[in-house]
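Source file: coords-v4.cif (mmCIF, N, CA and C atoms)
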data_query
loop_
_atom_site.label_atom_id
_atom_site.label_comp_id
_atom_site.auth_asym_id
_atom_site.auth_seq_id
_atom_site.Cartn_x
_atom_site.Cartn_y
_atom_site.Cartn_z
N MET A 100 114.57 163.98 58.08
CA MET A 100 113.35 163.59 58.77
C MET A 100 113.60 162.25 59.46
N THR A 101 113.16 162.14 60.69
CA THR A 101 113.34 160.89 61.43
C THR A 101 112.45 159.80 60.83
N PRO A 102 112.78 158.55 61.08
CA PRO A 102 111.91 157.47 60.60
C PRO A 102 110.48 157.58 61.14
N THR A 103 110.33 158.02 62.38
CA THR A 103 109.00 158.18 62.97
C THR A 103 108.22 159.27 62.23
N ALA A 104 108.89 160.38 61.93
CA ALA A 104 108.25 161.47 61.18
C ALA A 104 107.92 161.02 59.77
N ALA A 105 108.82 160.29 59.14
CA ALA A 105 108.57 159.80 57.78
C ALA A 105 107.37 158.85 57.76
N GLY A 106 107.27 158.02 58.79
CA GLY A 106 106.12 157.12 58.89
C GLY A 106 104.82 157.88 59.05
N LEU A 107 104.85 158.95 59.82
CA LEU A 107 103.66 159.77 60.00
C LEU A 107 103.28 160.45 58.68
N ALA A 108 104.25 161.04 58.00
CA ALA A 108 103.97 161.70 56.72
C ALA A 108 103.37 160.71 55.74
N SER A 109 103.96 159.55 55.65
CA SER A 109 103.47 158.52 54.74
C SER A 109 102.04 158.09 55.08
N SER A 110 101.78 157.90 56.36
CA SER A 110 100.44 157.49 56.80
C SER A 110 99.40 158.56 56.51
N LEU A 111 99.74 159.82 56.75
CA LEU A 111 98.79 160.89 56.50
C LEU A 111 98.51 161.05 55.00
N MET A 112 99.54 160.93 54.18
CA MET A 112 99.33 161.03 52.74
C MET A 112 98.49 159.86 52.22
N ALA A 113 98.74 158.66 52.76
CA ALA A 113 97.97 157.49 52.34
C ALA A 113 96.51 157.60 52.77
N ALA A 114 96.26 158.23 53.89
CA ALA A 114 94.90 158.35 54.41
C ALA A 114 94.09 159.44 53.71
N TYR A 115 94.77 160.39 53.09
CA TYR A 115 94.10 161.59 52.58
C TYR A 115 92.97 161.28 51.59
N ALA A 116 93.25 160.64 50.49
CA ALA A 116 92.23 160.42 49.46
C ALA A 116 91.05 159.59 49.97
N PRO A 117 91.31 158.44 50.62
CA PRO A 117 90.16 157.68 51.12
C PRO A 117 89.34 158.44 52.16
N TYR A 118 90.04 159.21 53.01
CA TYR A 118 89.34 159.98 54.02
C TYR A 118 88.43 161.02 53.36
N VAL A 119 88.96 161.78 52.40
CA VAL A 119 88.17 162.84 51.77
C VAL A 119 86.98 162.23 51.04
N ARG A 120 87.20 161.18 50.27
CA ARG A 120 86.08 160.56 49.54
C ARG A 120 85.01 160.05 50.52
N GLY A 121 85.46 159.43 51.59
CA GLY A 121 84.51 158.92 52.59
C GLY A 121 83.76 160.04 53.29
N ARG A 122 84.45 161.09 53.60
CA ARG A 122 83.82 162.22 54.30
C ARG A 122 82.79 162.90 53.41
N VAL A 123 83.12 163.09 52.15
CA VAL A 123 82.17 163.70 51.20
C VAL A 123 80.94 162.81 51.09
N ALA A 124 81.14 161.50 50.98
CA ALA A 124 80.01 160.57 50.88
C ALA A 124 79.17 160.60 52.16
N ARG A 125 79.81 160.62 53.32
CA ARG A 125 79.06 160.65 54.58
C ARG A 125 78.28 161.95 54.75
N ARG A 126 78.73 162.99 54.10
CA ARG A 126 78.01 164.27 54.13
C ARG A 126 76.81 164.22 53.18
N GLY A 127 76.69 163.14 52.43
CA GLY A 127 75.58 163.00 51.49
C GLY A 127 75.76 163.83 50.23
N LEU A 128 77.00 164.21 49.93
CA LEU A 128 77.28 165.02 48.75
C LEU A 128 77.73 164.13 47.61
N GLU A 129 77.18 164.37 46.44
CA GLU A 129 77.63 163.65 45.26
C GLU A 129 78.95 164.27 44.82
N ALA A 130 79.91 163.43 44.49
CA ALA A 130 81.22 163.93 44.10
C ALA A 130 81.11 164.72 42.80
N PRO A 131 81.40 166.01 42.85
CA PRO A 131 81.30 166.83 41.63
C PRO A 131 82.50 166.60 40.71
N PRO A 132 82.35 167.00 39.45
CA PRO A 132 83.51 166.93 38.55
C PRO A 132 84.67 167.73 39.14
N GLY A 133 85.86 167.18 39.03
CA GLY A 133 87.04 167.86 39.53
C GLY A 133 87.44 167.45 40.94
N LEU A 134 86.58 166.70 41.62
CA LEU A 134 86.92 166.33 43.00
C LEU A 134 88.17 165.45 43.04
N ASP A 135 88.26 164.48 42.14
CA ASP A 135 89.44 163.60 42.15
C ASP A 135 90.71 164.41 41.90
N ASP A 136 90.65 165.39 40.99
CA ASP A 136 91.82 166.23 40.74
C ASP A 136 92.18 167.06 41.98
N ALA A 137 91.15 167.56 42.66
CA ALA A 137 91.39 168.35 43.87
C ALA A 137 91.99 167.49 44.99
N ILE A 138 91.52 166.27 45.08
CA ILE A 138 92.07 165.35 46.08
C ILE A 138 93.54 165.08 45.77
N GLU A 139 93.85 164.86 44.51
CA GLU A 139 95.25 164.62 44.13
C GLU A 139 96.10 165.87 44.40
N GLU A 140 95.54 167.04 44.13
CA GLU A 140 96.27 168.28 44.41
C GLU A 140 96.55 168.43 45.91
N GLY A 141 95.57 168.10 46.73
CA GLY A 141 95.76 168.15 48.18
C GLY A 141 96.81 167.16 48.65
N ARG A 142 96.78 165.96 48.07
CA ARG A 142 97.77 164.94 48.44
C ARG A 142 99.17 165.39 48.04
N ARG A 143 99.29 165.96 46.85
CA ARG A 143 100.61 166.46 46.40
C ARG A 143 101.09 167.61 47.29
N TRP A 144 100.16 168.47 47.71
CA TRP A 144 100.53 169.56 48.61
C TRP A 144 101.07 168.98 49.92
N LEU A 145 100.39 167.96 50.44
CA LEU A 145 100.86 167.31 51.67
C LEU A 145 102.23 166.67 51.47
N GLU A 146 102.46 166.15 50.29
CA GLU A 146 103.73 165.50 49.97
C GLU A 146 104.91 166.46 50.11
N THR A 147 104.65 167.74 49.93
CA THR A 147 105.68 168.76 50.11
C THR A 147 105.64 169.35 51.52
N ALA A 148 104.43 169.67 51.98
CA ALA A 148 104.28 170.38 53.26
C ALA A 148 104.66 169.52 54.47
N LEU A 149 104.28 168.26 54.46
CA LEU A 149 104.59 167.41 55.63
C LEU A 149 106.09 167.21 55.82
N PRO A 150 106.85 166.83 54.79
CA PRO A 150 108.31 166.70 54.99
C PRO A 150 108.97 168.02 55.38
N ASP A 151 108.45 169.13 54.83
CA ASP A 151 109.01 170.43 55.20
C ASP A 151 108.83 170.67 56.70
N LEU A 152 107.64 170.42 57.22
CA LEU A 152 107.38 170.61 58.64
C LEU A 152 108.12 169.57 59.49
N LEU A 153 107.93 168.31 59.16
CA LEU A 153 108.44 167.23 60.00
C LEU A 153 109.95 167.04 59.89
N GLY A 154 110.55 167.66 58.88
CA GLY A 154 112.00 167.57 58.74
C GLY A 154 112.74 168.61 59.57
N ARG A 155 112.02 169.54 60.14
CA ARG A 155 112.63 170.55 61.00
C ARG A 155 112.87 169.98 62.40
N PRO A 156 113.77 170.59 63.15
CA PRO A 156 113.90 170.20 64.55
C PRO A 156 112.54 170.41 65.24
N TYR A 157 112.23 169.56 66.19
CA TYR A 157 110.93 169.62 66.86
C TYR A 157 110.60 171.02 67.36
N ALA A 158 111.56 171.69 67.94
CA ALA A 158 111.29 173.02 68.51
C ALA A 158 110.94 174.04 67.43
N SER A 159 111.29 173.77 66.19
CA SER A 159 111.00 174.69 65.09
C SER A 159 109.71 174.35 64.35
N GLN A 160 109.04 173.30 64.78
CA GLN A 160 107.79 172.91 64.13
C GLN A 160 106.68 173.78 64.70
N ASP A 161 106.29 174.78 63.93
CA ASP A 161 105.33 175.77 64.41
C ASP A 161 103.87 175.37 64.21
N ARG A 162 103.64 174.24 63.62
CA ARG A 162 102.29 173.72 63.40
C ARG A 162 102.34 172.22 63.62
N GLY A 163 101.17 171.65 63.75
CA GLY A 163 101.09 170.20 63.87
C GLY A 163 100.76 169.57 62.53
N PRO A 164 101.11 168.31 62.35
CA PRO A 164 100.83 167.64 61.08
C PRO A 164 99.33 167.53 60.79
N LEU A 165 98.50 167.41 61.81
CA LEU A 165 97.06 167.35 61.57
C LEU A 165 96.55 168.70 61.04
N GLU A 166 97.16 169.78 61.48
CA GLU A 166 96.80 171.10 60.94
C GLU A 166 97.07 171.16 59.43
N LEU A 167 98.18 170.58 59.01
CA LEU A 167 98.48 170.56 57.58
C LEU A 167 97.47 169.70 56.83
N PHE A 168 97.10 168.56 57.41
CA PHE A 168 96.09 167.71 56.79
C PHE A 168 94.79 168.50 56.62
N GLN A 169 94.41 169.21 57.67
CA GLN A 169 93.19 170.02 57.61
C GLN A 169 93.32 171.11 56.55
N GLU A 170 94.48 171.73 56.45
CA GLU A 170 94.68 172.78 55.45
C GLU A 170 94.58 172.22 54.03
N ALA A 171 95.05 171.00 53.84
CA ALA A 171 95.00 170.37 52.51
C ALA A 171 93.57 170.14 52.04
N LEU A 172 92.62 170.22 52.94
CA LEU A 172 91.22 170.04 52.57
C LEU A 172 90.66 171.25 51.83
N ARG A 173 91.45 172.31 51.74
CA ARG A 173 90.98 173.49 50.99
C ARG A 173 90.78 173.17 49.51
N PHE A 174 91.52 172.22 48.98
CA PHE A 174 91.38 171.87 47.57
C PHE A 174 90.03 171.21 47.27
N PRO A 175 89.65 170.16 47.98
CA PRO A 175 88.30 169.61 47.73
C PRO A 175 87.19 170.56 48.17
N THR A 176 87.43 171.35 49.20
CA THR A 176 86.43 172.33 49.63
C THR A 176 86.11 173.31 48.51
N ALA A 177 87.14 173.77 47.82
CA ALA A 177 86.94 174.72 46.71
C ALA A 177 86.10 174.10 45.60
N VAL A 178 86.32 172.84 45.31
CA VAL A 178 85.54 172.16 44.27
C VAL A 178 84.08 172.03 44.69
N LEU A 179 83.85 171.66 45.94
CA LEU A 179 82.48 171.54 46.44
C LEU A 179 81.77 172.89 46.40
N GLU A 180 82.50 173.93 46.75
CA GLU A 180 81.93 175.27 46.74
C GLU A 180 81.59 175.71 45.31
N ARG A 181 82.52 175.47 44.38
CA ARG A 181 82.27 175.83 42.97
C ARG A 181 81.11 175.03 42.39
N ALA A 182 80.90 173.81 42.89
CA ALA A 182 79.80 172.98 42.40
C ALA A 182 78.45 173.48 42.91
N GLY A 183 78.48 174.44 43.82
CA GLY A 183 77.23 175.03 44.29
C GLY A 183 76.65 174.42 45.55
N TYR A 184 77.41 173.54 46.19
CA TYR A 184 76.92 172.98 47.44
C TYR A 184 76.89 174.05 48.52
N GLU A 185 75.88 173.98 49.35
CA GLU A 185 75.74 174.92 50.46
C GLU A 185 76.62 174.45 51.62
N PRO A 186 77.31 175.38 52.27
CA PRO A 186 78.07 175.00 53.46
C PRO A 186 77.15 174.35 54.50
N VAL A 187 77.71 173.43 55.26
CA VAL A 187 76.92 172.72 56.26
C VAL A 187 76.93 173.49 57.57
N PRO A 188 75.86 173.39 58.34
CA PRO A 188 75.87 174.04 59.66
C PRO A 188 76.94 173.37 60.54
N ARG A 189 77.67 174.21 61.27
CA ARG A 189 78.71 173.69 62.16
C ARG A 189 78.61 174.36 63.51
N ASP A 190 79.08 173.68 64.49
CA ASP A 190 79.17 174.21 65.84
C ASP A 190 80.00 175.49 65.79
N GLU A 191 79.65 176.49 66.56
CA GLU A 191 80.34 177.78 66.53
C GLU A 191 81.83 177.65 66.88
N LEU A 192 82.15 176.82 67.84
CA LEU A 192 83.54 176.62 68.23
C LEU A 192 84.34 176.04 67.06
N VAL A 193 83.78 175.05 66.39
CA VAL A 193 84.45 174.43 65.24
C VAL A 193 84.57 175.43 64.10
N ALA A 194 83.50 176.17 63.85
CA ALA A 194 83.51 177.16 62.77
C ALA A 194 84.58 178.23 63.02
N ASN A 195 84.76 178.62 64.27
CA ASN A 195 85.78 179.62 64.60
C ASN A 195 87.19 179.03 64.48
N ALA A 196 87.35 177.77 64.85
CA ALA A 196 88.67 177.14 64.80
C ALA A 196 89.09 176.83 63.37
N LEU A 197 88.12 176.45 62.53
CA LEU A 197 88.41 176.07 61.15
C LEU A 197 87.45 176.80 60.21
N PRO A 198 87.63 178.10 60.05
CA PRO A 198 86.66 178.89 59.27
C PRO A 198 86.55 178.47 57.81
N GLY A 199 87.58 177.93 57.24
CA GLY A 199 87.53 177.53 55.83
C GLY A 199 86.94 176.16 55.59
N ASP A 200 86.62 175.45 56.65
CA ASP A 200 86.09 174.09 56.53
C ASP A 200 84.57 174.13 56.34
N LEU A 201 84.14 174.66 55.21
CA LEU A 201 82.72 174.92 54.96
C LEU A 201 81.84 173.67 54.93
N PHE A 202 82.45 172.54 54.63
CA PHE A 202 81.67 171.31 54.48
C PHE A 202 81.97 170.29 55.57
N ASP A 203 82.58 170.76 56.65
CA ASP A 203 82.89 169.91 57.81
C ASP A 203 83.67 168.67 57.39
N LEU A 204 84.69 168.89 56.59
CA LEU A 204 85.53 167.78 56.13
C LEU A 204 86.67 167.48 57.10
N ALA A 205 87.12 168.46 57.85
CA ALA A 205 88.33 168.32 58.67
C ALA A 205 88.17 167.27 59.76
N PRO A 206 89.19 166.43 59.92
CA PRO A 206 89.15 165.46 61.01
C PRO A 206 89.38 166.17 62.35
N ALA A 207 88.68 165.71 63.36
CA ALA A 207 88.87 166.26 64.70
C ALA A 207 90.16 165.73 65.32
N SER A 208 90.54 164.52 64.95
CA SER A 208 91.79 163.93 65.45
C SER A 208 92.30 162.94 64.42
N SER A 209 93.52 162.51 64.61
CA SER A 209 94.10 161.55 63.68
C SER A 209 93.39 160.20 63.73
N SER A 210 92.67 159.92 64.80
CA SER A 210 91.92 158.66 64.86
C SER A 210 90.83 158.60 63.79
N ASP A 211 90.39 159.77 63.31
CA ASP A 211 89.40 159.83 62.23
C ASP A 211 89.98 159.36 60.90
N LEU A 212 91.30 159.27 60.82
CA LEU A 212 91.98 158.93 59.57
C LEU A 212 92.34 157.46 59.45
N GLY A 213 91.97 156.69 60.44
CA GLY A 213 92.27 155.26 60.44
C GLY A 213 93.36 154.92 61.44
N GLU A 214 93.42 153.66 61.75
CA GLU A 214 94.34 153.21 62.79
C GLU A 214 95.81 153.45 62.45
N ALA A 215 96.20 153.25 61.20
CA ALA A 215 97.61 153.44 60.83
C ALA A 215 98.04 154.89 61.05
N ALA A 216 97.22 155.83 60.60
CA ALA A 216 97.55 157.25 60.78
C ALA A 216 97.54 157.61 62.26
N TRP A 217 96.57 157.09 62.98
CA TRP A 217 96.46 157.38 64.42
C TRP A 217 97.70 156.88 65.16
N ARG A 218 98.10 155.63 64.89
CA ARG A 218 99.27 155.06 65.56
C ARG A 218 100.54 155.82 65.19
N ALA A 219 100.67 156.18 63.92
CA ALA A 219 101.85 156.94 63.49
C ALA A 219 101.87 158.32 64.16
N HIS A 220 100.71 158.93 64.32
CA HIS A 220 100.64 160.24 64.97
C HIS A 220 101.01 160.11 66.45
N LEU A 221 100.53 159.07 67.10
CA LEU A 221 100.88 158.85 68.51
C LEU A 221 102.39 158.62 68.66
N ALA A 222 102.96 157.81 67.79
CA ALA A 222 104.40 157.52 67.87
C ALA A 222 105.21 158.80 67.66
N TRP A 223 104.80 159.61 66.69
CA TRP A 223 105.49 160.88 66.44
C TRP A 223 105.34 161.81 67.65
N GLY A 224 104.14 161.88 68.21
CA GLY A 224 103.91 162.74 69.37
C GLY A 224 104.76 162.33 70.56
N ALA A 225 104.87 161.02 70.78
CA ALA A 225 105.70 160.52 71.88
C ALA A 225 107.18 160.86 71.63
N SER A 226 107.60 160.71 70.38
CA SER A 226 108.98 161.02 70.03
C SER A 226 109.27 162.51 70.21
N LYS A 227 108.32 163.34 69.79
CA LYS A 227 108.49 164.78 69.94
C LYS A 227 108.51 165.16 71.43
N ALA A 228 107.61 164.58 72.21
CA ALA A 228 107.56 164.88 73.64
C ALA A 228 108.87 164.49 74.33
N ALA A 229 109.40 163.33 73.97
CA ALA A 229 110.67 162.89 74.57
C ALA A 229 111.81 163.81 74.18
N ALA A 230 111.84 164.22 72.91
CA ALA A 230 112.91 165.12 72.46
C ALA A 230 112.81 166.49 73.13
N MET A 231 111.60 166.98 73.27
CA MET A 231 111.41 168.28 73.91
C MET A 231 111.76 168.19 75.39
N ARG A 232 111.45 167.07 75.99
CA ARG A 232 111.78 166.87 77.42
C ARG A 232 113.31 166.87 77.61
N ARG A 233 113.99 166.17 76.70
CA ARG A 233 115.48 166.15 76.77
C ARG A 233 116.03 167.56 76.62
N MET A 234 115.42 168.34 75.73
CA MET A 234 115.87 169.70 75.52
C MET A 234 115.68 170.55 76.78
N VAL A 235 114.54 170.38 77.43
CA VAL A 235 114.24 171.14 78.66
C VAL A 235 115.19 170.70 79.78
N ASP A 236 115.46 169.40 79.84
CA ASP A 236 116.32 168.87 80.88
C ASP A 236 117.81 169.13 80.60
N GLY A 237 118.08 169.66 79.41
CA GLY A 237 119.46 169.99 79.07
C GLY A 237 120.26 168.82 78.53
N GLY A 238 119.57 167.79 78.07
CA GLY A 238 120.31 166.63 77.57
C GLY A 238 120.00 166.39 76.19
#
Hey, can you dump this file as structure tokens for me?
Amino acid sequence: MTPTAAGLASSLMAAYAPYVRGRVARRGLEAPPGLDDAIEEGRRWLETALPDLLGRPYASQDRGPLELFQEALRFPTAVLERAGYEPVPRDELVANALPGDLFDLAPASSSDLGEAAWRAHLAWGASKAAAMRRMVDGG
């Protein structure tokens, strides 16, 4: 994994727990029993999934790192669902794009995760774009 990719993975993992706790609170939901364990499970999942994705050559990365972050929200979502919370109303486009995001936890962009994650995501994106451009140009 490149240093830029490692920085992105680290930033996303560091942002995960505070982001989830903040998002649940902003939704006006009381943290149910098991939420902290689910958050830790999601963070551990990211700890494996992000290096697996970001360690591949750029052309072989079939998903984006933000997609993985969004997928990791399935762990806290399951706890909220088991606690009996009702899914929140969501825009149809968002609901179709992220059908499992019942409580509207998923970030729309990395800027929702804080400046460090946003900057790391931008740096990684620029690095990926440059590498892909070199590949297209034959260099």
One residue among A:Leu165, A:Leu221, A:Ala130, A:Ala113 is nearest to A:Gly183 when using only C-alpha atoms, and that residue is A:Ala130
Correct to one decimal, the distance atom C of A:Asp190-atom C of A:Ala137 is 25.3 Å
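Using only C-alpha atoms, the protein and nucleic acid residues lying no more than 7 Å from stretch 167-173 of chain A, apart from those fewer than 3 places from it along its own chain, are Gly141, Trp144, Leu145, Gly163, Pro164, Thr176, Ala177, Ala205 and Pro206 of chain A.
A straight line drawn from atom CA of A:Leu107 to atom CA of A:Tyr157 is 14.0 Å long.
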*What is the atom CA of A:Ala114-atom CA of A:Asp203 distance in Å, reported with one decimal?*
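Going from atom CA of A:Ala114 over to atom CA of A:Asp203 covers 17.0 Å.
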**Asked** Which of these, A:Leu111, A:Ala124, A:Glu129, A:Ala215, has the shortest distance to A:Arg142 once you count all atoms listed in the file?
**Response**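 For A:Arg142, the nearest of the given residues is A:Leu111.
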**Top pick for closest residue to A:Ala230, considering A:Leu153, A:Val123, A:Ala148, A:Ala158 and counting all atoms listed in the file** =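 When distances to A:Ala230 are compared using all atoms listed in the file, the smallest one comes from A:Ala158.
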Taking the file above as input, evaluate the PyMOL selection byres (((chain A and resi 106 and name CA) around 10) and name CA) and report the hits as a PyMOL selection string.
chain A and resi 100-105+107-112+215-216+218-220+222-223
- Item | Within 7 Å of A:Leu201 using all atoms listed in the file, minus same-chain residues under 6 positions, as a list in words | Thr176, Glu185, Pro186, Val187 and Pro188 of chain A
**Asked** How would you write, as an MDAnalysis selection string, the set of residues in chain A that DSSP gives as alpha helix (DSSP H)?
**Response** chainID A and resid 102:125 134:153 164:171 173:181 191:196 214:236
ask   = Out of A:Glu146, A:Pro156, A:Val178, A:Tyr184, which residue has the shortest atom-to-atom distance to A:Leu134 when counting all atoms listed in the file?
value =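 Closest to A:Leu134, using all atoms listed in the file: A:Val178.
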Residues near A:Asp135, anyone? I mean within 9 Å using only C-alpha atoms, not counting same-chain ones fewer than 4 positions away, as a PyMOL selection string.
chain A and resi 116+120+130-131+139-140+175
